[in-house]
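Structure first, then comments.
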2 protein chains.
Amino acid sequence: MKIALTSFAAALAPALPAAAQEAPKEAPSPGAIVAAAPAKDWVAIAPADLLVMTLAGPAHGPRQAVHDPGSGSGAGGTKRQVVIQLIPAPFSQGWVGNVRKLAAAHWWDGLAITRVQDNYVVQWGDPEAEDKARAKPLPARLAKVPESEYLTRIEGPAAQATLASAAIVHPSNGNAVQALLSDPYAFMTTIVAGFPIGLRPHEDAPPPKLSVWPVHCYGMVGVGRNYSPDTGSGTELYTVIGHAPRHLDRNIALVGRVVEGIEHLSSLPRGTGALGFYEKADQRVPIVSIRLASELPAAEQPRFQYLSTESESFARYADARANRRDPFFIVPAGGADICNIPVPVRRAK
Amino acid sequence: MKIALTSFAAALAPALPAAAQEAPKEAPSPGAIVAAAPAKDWVAIAPADLLVMTLAGPAHGPRQAVHDPGSGSGAGGTKRQVVIQLIPAPFSQGWVGNVRKLAAAHWWDGLAITRVQDNYVVQWGDPEAEDKARAKPLPARLAKVPESEYLTRIEGPAAQATLASAAIVHPSNGNAVQALLSDPYAFMTTIVAGFPIGLRPHEDAPPPKLSVWPVHCYGMVGVGRNYSPDTGSGTELYTVIGHAPRHLDRNIALVGRVVEGIEHLSSLPRGTGALGFYEKADQRVPIVSIRLASELPAAEQPRFQYLSTESESFARYADARANRRDPFFIVPAGGADICNIPVPVRRAK
């Protein structure tokens with residue numbers, strides 16, 4: 001596919017403020033920029049968009065608990081809790097709808113983490129899924145989502161806005177188009193509404209028509225499936241615990257990302273079977289429950305915010321990730337891949 | 001920095017066989033290509049270039065051991081052993097020399113893993129390093145390596161050969177230069193002598209003069225340091241256990257990569273202190289020993305081979321990583337980042 005870049009350069013140019021092209025000689029660290037972001041730049045995540053997974057056993061696994069049962073990081077305390085934000089529209093909404101139904105049905109309760117593959121994924125679901133006689137019955141009316149839904153097509157003002165937001169990822173590079181093209185898996189990448197996405201044009205001429213899709217960064221949560229044309233129902237979920245397996249983009253649905261507690265998954269013992277599956281039933285980690293946070297008593301609902309990926313603070317943060325000028329660094333990279341600009345998340349006060 | 005691409009396109013063109021530009025409609029998986037590679041494509045790693053780190057405690061940590069003490073993966077059996085290949089010349093040889101001296105002096109024996117930061121690094125060394133009264137004395141004559149050694153400069157035939165090898169990473173893309181440019185951290189990336197590297201030209205005109213440097217992929221081992229101009233001695237080492245932190249490239253020395261047993265590091269409980277340091281001494285994981293494999297009794301020396309990164313098998317493997325056509329996939333990515341093409345390693349028979 002040949003694409004003339006000039007039209008996209010033109011589409012992007014207005015989004016680049018002149019000041020952003022002059023890199024400052026010194027700058028705060030990414031963390032300092034996030035810490036200084038004003039309250040208006042933080043976006044609340046609705047409890048209805050959060051899943052709370054509680055695993056059996058104390059926080060951080062037996063080893064750390066032996067020394068200090070109270071040392072679990074995060075607000076989960078001694079519970080092994082993982083909090084997942086579901087991806088907003090327009091992405092993957094067929095699968096997200098299924099995940100909501102499964103959570104509402106308490107379907108995962110009593111099931112297990114079945115697979116931990118180093119530098120790849122942790123996966124959970126029904127260990128007996130392949131055995132029709134023993135598999136757990138599914139809730140009624142789960143959607144069967146077609147493969148075409150791996151991509152979302154947008155055009156007109158929405159596409160223009162997406163392209164414009166793409167420019168924030170490397171505002172100080174001088175040549176935004178070149179920097180944004182520096183992704184071997186997508187025509188461009190950006191971060192929209194708190195999620196990393198890839199995009200490519202359908203047509204060359206403006207106004208652009210785009211295909212967009214969420215991408216497999218660390219902590220993203222996806223939908224296990226069998227061979228095509230199966231697309232998975234959402235019963236088998238996984239999260240990325242290694243280098244971004246971007247070859248899965250556009251091949252599997254992504255439904256969210258872990259916003260707290262991923263260490264309870266990433267530090268689990270690796271499975272020794274093929275693909276990292278646990279070989280014995282008692283190696284699996286039991287799931288106590290998975291709930292939509294909105295179903296919990298109000299006092300127990302976790303409250304999170306993410307740094308608006310459309311904010312000036314985020315633009316400065318992304319620039320600092322791509323061009324580290326804080327004291328430890330001697331050579332700023334001059335760029336960053338999309339998965340090395342994780343979206344900041346915090347507990348709301 | 002403006003770079004005319006045409007001269008580099010010319011330098012690369014001869015390395016692209018015509019056949020490689022015709023993508024086959026079906027192809028084996030990367031794993032199948034590796035399994036079918038002929039013996040001549042495997043390169044032995046000399047025991048003198050391997051470090052064997054033995055951690056206290058049984059394989060896979062207490063949890064898995066409780067269920068099955070013998071279930072540790074790899075040839076390490078029930079021992080928690082991590083094997084590291086030191087990077088060959090011309091990269092980082094000042095630091096590699098120090099690491100060899102430290103191993104020969106058995107310097108790390110009795111020290112500990114002090115830091116496990118999720119999606120970042122595991123670090124080990126002397127927990128008392130900052131306290132002069134309690135720090136472990138260093139072996140004599142450790143080199144003090146200047147920052148200029150983060151980069152290696154090559155030119156002439158060596159540079160031409162490096163550029164030519166760069167083409168193997170995406171042989172079926174048709175436009176190798178464009179694909180190889182798809183890295184936001186380097187002008188180009190490639191894999192040479194078993195290690196991922198970045199490169200950029202010093203001068204525009206052929207014959208090219210290049211700066212080359214190893215890059216921070218999953219499992220790479222680097223040298224902790226304090227603020228510039230300190231470059232670290234090699235006493236504090238770390239390995240990457242998350243998404244490639246490529247912003248560290250050219251800012252820290254890399255001395256090798258883990259070739260076996262990384263799960264003994266990546267599955268450790270995360271430290272709850274700043275930067276993932278363990279807050280209490282008894283949370284640290286004791287190091288029983290770190291030895292050059294050549295110092296072990298012959299029968300205990302681990303024997304490894306890597307798939308020659310200059311071989312036709314590797315070119316096919318890299319192409320398959322970038323363009324998955326095996327049955328699970330419906331859309332080949334059309335590219336891969338350098339860290340998503342891990343170099344295959346196996347135990348020698």
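Naming scheme: A, B, ... for chains in displayed order of the structure tokens; residues 1 onward per chain; ligands 1 onward as shown.
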
Hey, what's within 7 Å of stretch 267-278 of chain A if we count only C-alpha atoms and toss same-chain stuff fewer than 5 positions away? As number ranges by chain, please? A: 114-118, 283-284; B: 60, 64, 73, 263, 266-269

Would you mind listing what lies within 6 Å of stretch 216-224 of chain A as a PyMOL selection string, with only C-alpha atoms counted and same-chain residues fewer than 5 positions away left out? chain A and resi 232+234+236-241+244-246+253-258+339

Saved selection, atoms kept: N, CA, C and O atoms, as a CSV table (one decimal), in the first residue's frame:
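Saved as result-v8.csv:
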chain,number,residue,atom,x,y,z
A,232,GLY,N,-13.8,-15.2,20.1
A,232,GLY,CA,-13.9,-15.2,21.5
A,232,GLY,C,-15.1,-14.5,22.1
A,232,GLY,O,-15.6,-13.6,21.4
A,234,GLY,N,-15.3,-13.5,25.4
A,234,GLY,CA,-15.0,-12.7,26.6
A,234,GLY,C,-14.8,-13.5,27.8
A,234,GLY,O,-14.4,-13.0,28.9
A,236,GLU,N,-12.7,-16.0,28.3
A,236,GLU,CA,-11.3,-16.2,28.5
A,236,GLU,C,-10.6,-14.9,28.3
A,236,GLU,O,-10.6,-14.3,27.2
A,237,LEU,N,-10.0,-14.3,29.4
A,237,LEU,CA,-9.3,-13.0,29.2
A,237,LEU,C,-7.9,-13.2,29.6
A,237,LEU,O,-7.5,-14.2,30.2
A,238,TYR,N,-7.1,-12.3,29.1
A,238,TYR,CA,-5.6,-12.3,29.4
A,238,TYR,C,-5.1,-10.9,29.5
A,238,TYR,O,-5.8,-10.0,29.0
A,239,THR,N,-4.0,-10.8,30.2
A,239,THR,CA,-3.4,-9.5,30.2
A,239,THR,C,-1.9,-9.6,29.9
A,239,THR,O,-1.3,-10.7,30.2
A,240,VAL,N,-1.4,-8.6,29.3
A,240,VAL,CA,0.0,-8.6,28.8
A,240,VAL,C,1.0,-8.4,30.0
A,240,VAL,O,0.8,-7.4,30.7
A,241,ILE,N,2.0,-9.2,30.2
A,241,ILE,CA,2.9,-9.1,31.3
A,241,ILE,C,4.4,-9.0,30.7
A,241,ILE,O,5.3,-9.3,31.5
A,244,ALA,N,5.5,-5.6,24.6
A,244,ALA,CA,4.2,-5.5,23.9
A,244,ALA,C,4.2,-6.5,22.7
A,244,ALA,O,5.0,-6.4,21.8
A,245,PRO,N,3.2,-7.5,22.7
A,245,PRO,CA,3.1,-8.4,21.6
A,245,PRO,C,2.2,-7.8,20.5
A,245,PRO,O,1.1,-8.3,20.3
A,246,ARG,N,2.8,-6.8,19.9
A,246,ARG,CA,2.0,-6.0,18.9
A,246,ARG,C,1.5,-6.8,17.7
A,246,ARG,O,0.6,-6.4,17.0
A,253,ALA,N,-9.4,-9.2,20.1
A,253,ALA,CA,-10.1,-8.1,20.7
A,253,ALA,C,-9.4,-7.7,22.0
A,253,ALA,O,-9.0,-8.5,22.8
A,254,LEU,N,-9.3,-6.4,22.2
A,254,LEU,CA,-8.8,-5.8,23.5
A,254,LEU,C,-10.0,-5.1,24.1
A,254,LEU,O,-10.7,-4.4,23.5
A,255,VAL,N,-10.2,-5.4,25.4
A,255,VAL,CA,-11.3,-4.9,26.1
A,255,VAL,C,-11.0,-3.9,27.3
A,255,VAL,O,-11.9,-3.4,27.9
A,256,GLY,N,-9.7,-3.7,27.6
A,256,GLY,CA,-9.4,-2.9,28.7
A,256,GLY,C,-8.0,-2.9,29.1
A,256,GLY,O,-7.1,-3.4,28.3
A,257,ARG,N,-7.7,-2.4,30.2
A,257,ARG,CA,-6.3,-2.4,30.7
A,257,ARG,C,-6.3,-2.4,32.2
A,257,ARG,O,-7.2,-1.9,32.9
A,258,VAL,N,-5.3,-3.0,32.8
A,258,VAL,CA,-5.1,-3.1,34.3
A,258,VAL,C,-4.7,-1.7,34.7
A,258,VAL,O,-3.7,-1.1,34.2
A,339,CYS,N,3.9,2.1,23.5
A,339,CYS,CA,3.8,1.4,24.7
A,339,CYS,C,4.8,1.8,25.8
A,339,CYS,O,4.7,1.3,26.9

Could you give me, as a ChimeraX atom specification, the residues within 12 Å of stretch 139-145 of chain B, counting only C-alpha atoms and dropping anything in the same chain fewer than 2 positions from it? /B:92-108,136-137,147-151,223,225,228-235,252-253

Using only C-alpha atoms, which of the listed residues (A:Leu199, A:Ala186, A:Leu55, A:Leu307) sits closest to chain B?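 Closest to chain B, using only C-alpha atoms: A:Ala186.
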
Tell me which of A:Gly198, A:Pro38, A:Pro342, A:Pro302 sits closest to A:Arg321, counting only C-alpha atoms.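 Closest residue, counting only C-alpha atoms: A:Pro342.
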
DSSP on the backbone, strand (DSSP E) only: what residues of stretch 145-313 of chain B does that give? Format it as number ranges by chain. B: 152-155, 188-192, 195-201, 209-214, 220-223, 237-240, 254-260, 285-292, 304-307

Could you check the closest approach to chain B for each of A:Glu310, A:Asp49, A:Asp282, A:Asp319 and tell me which residue wins, using only C-alpha atoms?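 Of the candidates, the smallest distance to chain B is held by A:Asp282.
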
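Taking atom CA of B:Ser29 as the reference point, atom CA of B:Ala322 is found at 10.8 Å.
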
So which residues touch B:Tyr317 within 12 Å, counting only C-alpha atoms, skipping near sequence neighbours fewer than 4 positions away, as a PyMOL selection string? chain B and resi 27-37+168-172+307-313+321-325+336+340-344

Within 6 Å of stretch 289-291 of chain B, counting only C-alpha atoms, which residues qualify if same-chain residues fewer than 5 places away don't, as a ChimeraX atom specification? /B:51-54,103,109

Would you mind exporting the chosen residues as a compact mmCIF listing (two decimals), in the first residue's frame, restricted to all heavy atoms?
# COMPACT_ATOMS: atom_id res chain seq x y z
N LEU B 51 27.61 -16.42 32.35
CA LEU B 51 27.57 -16.30 33.81
C LEU B 51 26.44 -17.17 34.33
O LEU B 51 25.33 -17.14 33.78
CB LEU B 51 27.25 -14.86 34.23
CG LEU B 51 28.29 -13.76 34.06
CD1 LEU B 51 27.68 -12.44 34.55
CD2 LEU B 51 29.55 -14.09 34.84
N VAL B 52 26.71 -17.91 35.39
CA VAL B 52 25.67 -18.71 36.03
C VAL B 52 25.40 -18.12 37.41
O VAL B 52 26.28 -18.12 38.28
CB VAL B 52 26.08 -20.18 36.16
CG1 VAL B 52 24.98 -20.99 36.82
CG2 VAL B 52 26.43 -20.76 34.78
N MET B 53 24.18 -17.61 37.58
CA MET B 53 23.77 -17.04 38.87
C MET B 53 22.88 -18.05 39.58
O MET B 53 21.89 -18.52 38.99
CB MET B 53 22.99 -15.75 38.63
CG MET B 53 22.26 -15.22 39.87
SD MET B 53 21.00 -13.98 39.42
CE MET B 53 22.00 -12.51 39.41
N THR B 54 23.23 -18.40 40.80
CA THR B 54 22.41 -19.32 41.58
C THR B 54 21.81 -18.55 42.75
O THR B 54 22.55 -17.95 43.54
CB THR B 54 23.25 -20.50 42.09
OG1 THR B 54 23.87 -21.14 40.96
CG2 THR B 54 22.37 -21.51 42.81
N ALA B 103 33.17 -11.75 38.71
CA ALA B 103 32.76 -13.16 38.79
C ALA B 103 33.93 -14.02 39.23
O ALA B 103 33.79 -14.92 40.08
CB ALA B 103 32.21 -13.62 37.44
N ASP B 109 28.94 -13.45 45.56
CA ASP B 109 28.48 -14.52 46.46
C ASP B 109 28.07 -13.93 47.81
O ASP B 109 28.85 -13.19 48.44
CB ASP B 109 29.58 -15.57 46.66
CG ASP B 109 29.96 -16.28 45.36
OD1 ASP B 109 29.53 -15.81 44.28
OD2 ASP B 109 30.69 -17.27 45.42

With only C-alpha atoms as the counted atoms, please give the residues lying no more than 8 Å from A:Pro214, apart from itself and same-chain residues fewer than 3 positions off, as a PyMOL selection string. chain A and resi 91+195-198+249+254

Writer output for current selection, N, CA and C atoms, as an mmCIF file, in the first residue's frame:
data_model
loop_
_atom_site.group_PDB
_atom_site.id
_atom_site.type_symbol
_atom_site.label_atom_id
_atom_site.label_comp_id
_atom_site.auth_asym_id
_atom_site.auth_seq_id
_atom_site.Cartn_x
_atom_site.Cartn_y
_atom_site.Cartn_z
ATOM 1 N N PHE A 91 -14.412 1.368 20.724
ATOM 2 C CA PHE A 91 -13.600 0.169 20.558
ATOM 3 C C PHE A 91 -14.252 -1.072 21.175
ATOM 4 N N PHE A 195 -6.422 5.402 26.077
ATOM 5 C CA PHE A 195 -5.990 4.112 25.532
ATOM 6 C C PHE A 195 -5.078 4.286 24.320
ATOM 7 N N PRO A 196 -4.061 3.419 24.236
ATOM 8 C CA PRO A 196 -3.166 3.459 23.073
ATOM 9 C C PRO A 196 -3.836 2.817 21.861
ATOM 10 N N ILE A 197 -3.757 3.491 20.734
ATOM 11 C CA ILE A 197 -4.366 2.946 19.523
ATOM 12 C C ILE A 197 -3.422 3.066 18.338
ATOM 13 N N GLY A 198 -3.653 2.198 17.373
ATOM 14 C CA GLY A 198 -3.009 2.314 16.079
ATOM 15 C C GLY A 198 -4.032 2.816 15.084
ATOM 16 N N ASP A 249 -2.118 -7.319 17.565
ATOM 17 C CA ASP A 249 -3.032 -6.223 17.198
ATOM 18 C C ASP A 249 -3.829 -6.606 15.951
ATOM 19 N N LEU A 254 -9.272 -6.363 22.168
ATOM 20 C CA LEU A 254 -8.813 -5.827 23.451
ATOM 21 C C LEU A 254 -9.991 -5.141 24.118
#

Determine the nearest neighbour of chain A from the options B:Gln160, B:Gln81, B:Asn119, B:Ser294, counting only C-alpha atoms. B:Asn119

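In this structure, atom CA of B:Ala293 sits 23.1 Å away from atom CA of B:Val192.
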
Given only C-alpha atoms as the counted atoms, nearest of B:Val212, B:Leu292, B:Ala89, B:Ala281 to B:Leu50: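 Among the listed residues, B:Leu292 lies closest to B:Leu50.
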
A straight line from atom CA of B:Thr152 to atom CA of B:Ala164 spans 17.6 Å

Please report, as a VMD selection string, each residue of stretch 71-170 of chain B to which DSSP assigns helix (DSSP H, G or I) when run on this structure's backbone. chain B and resid 93 to 104 147 to 150 156 to 169
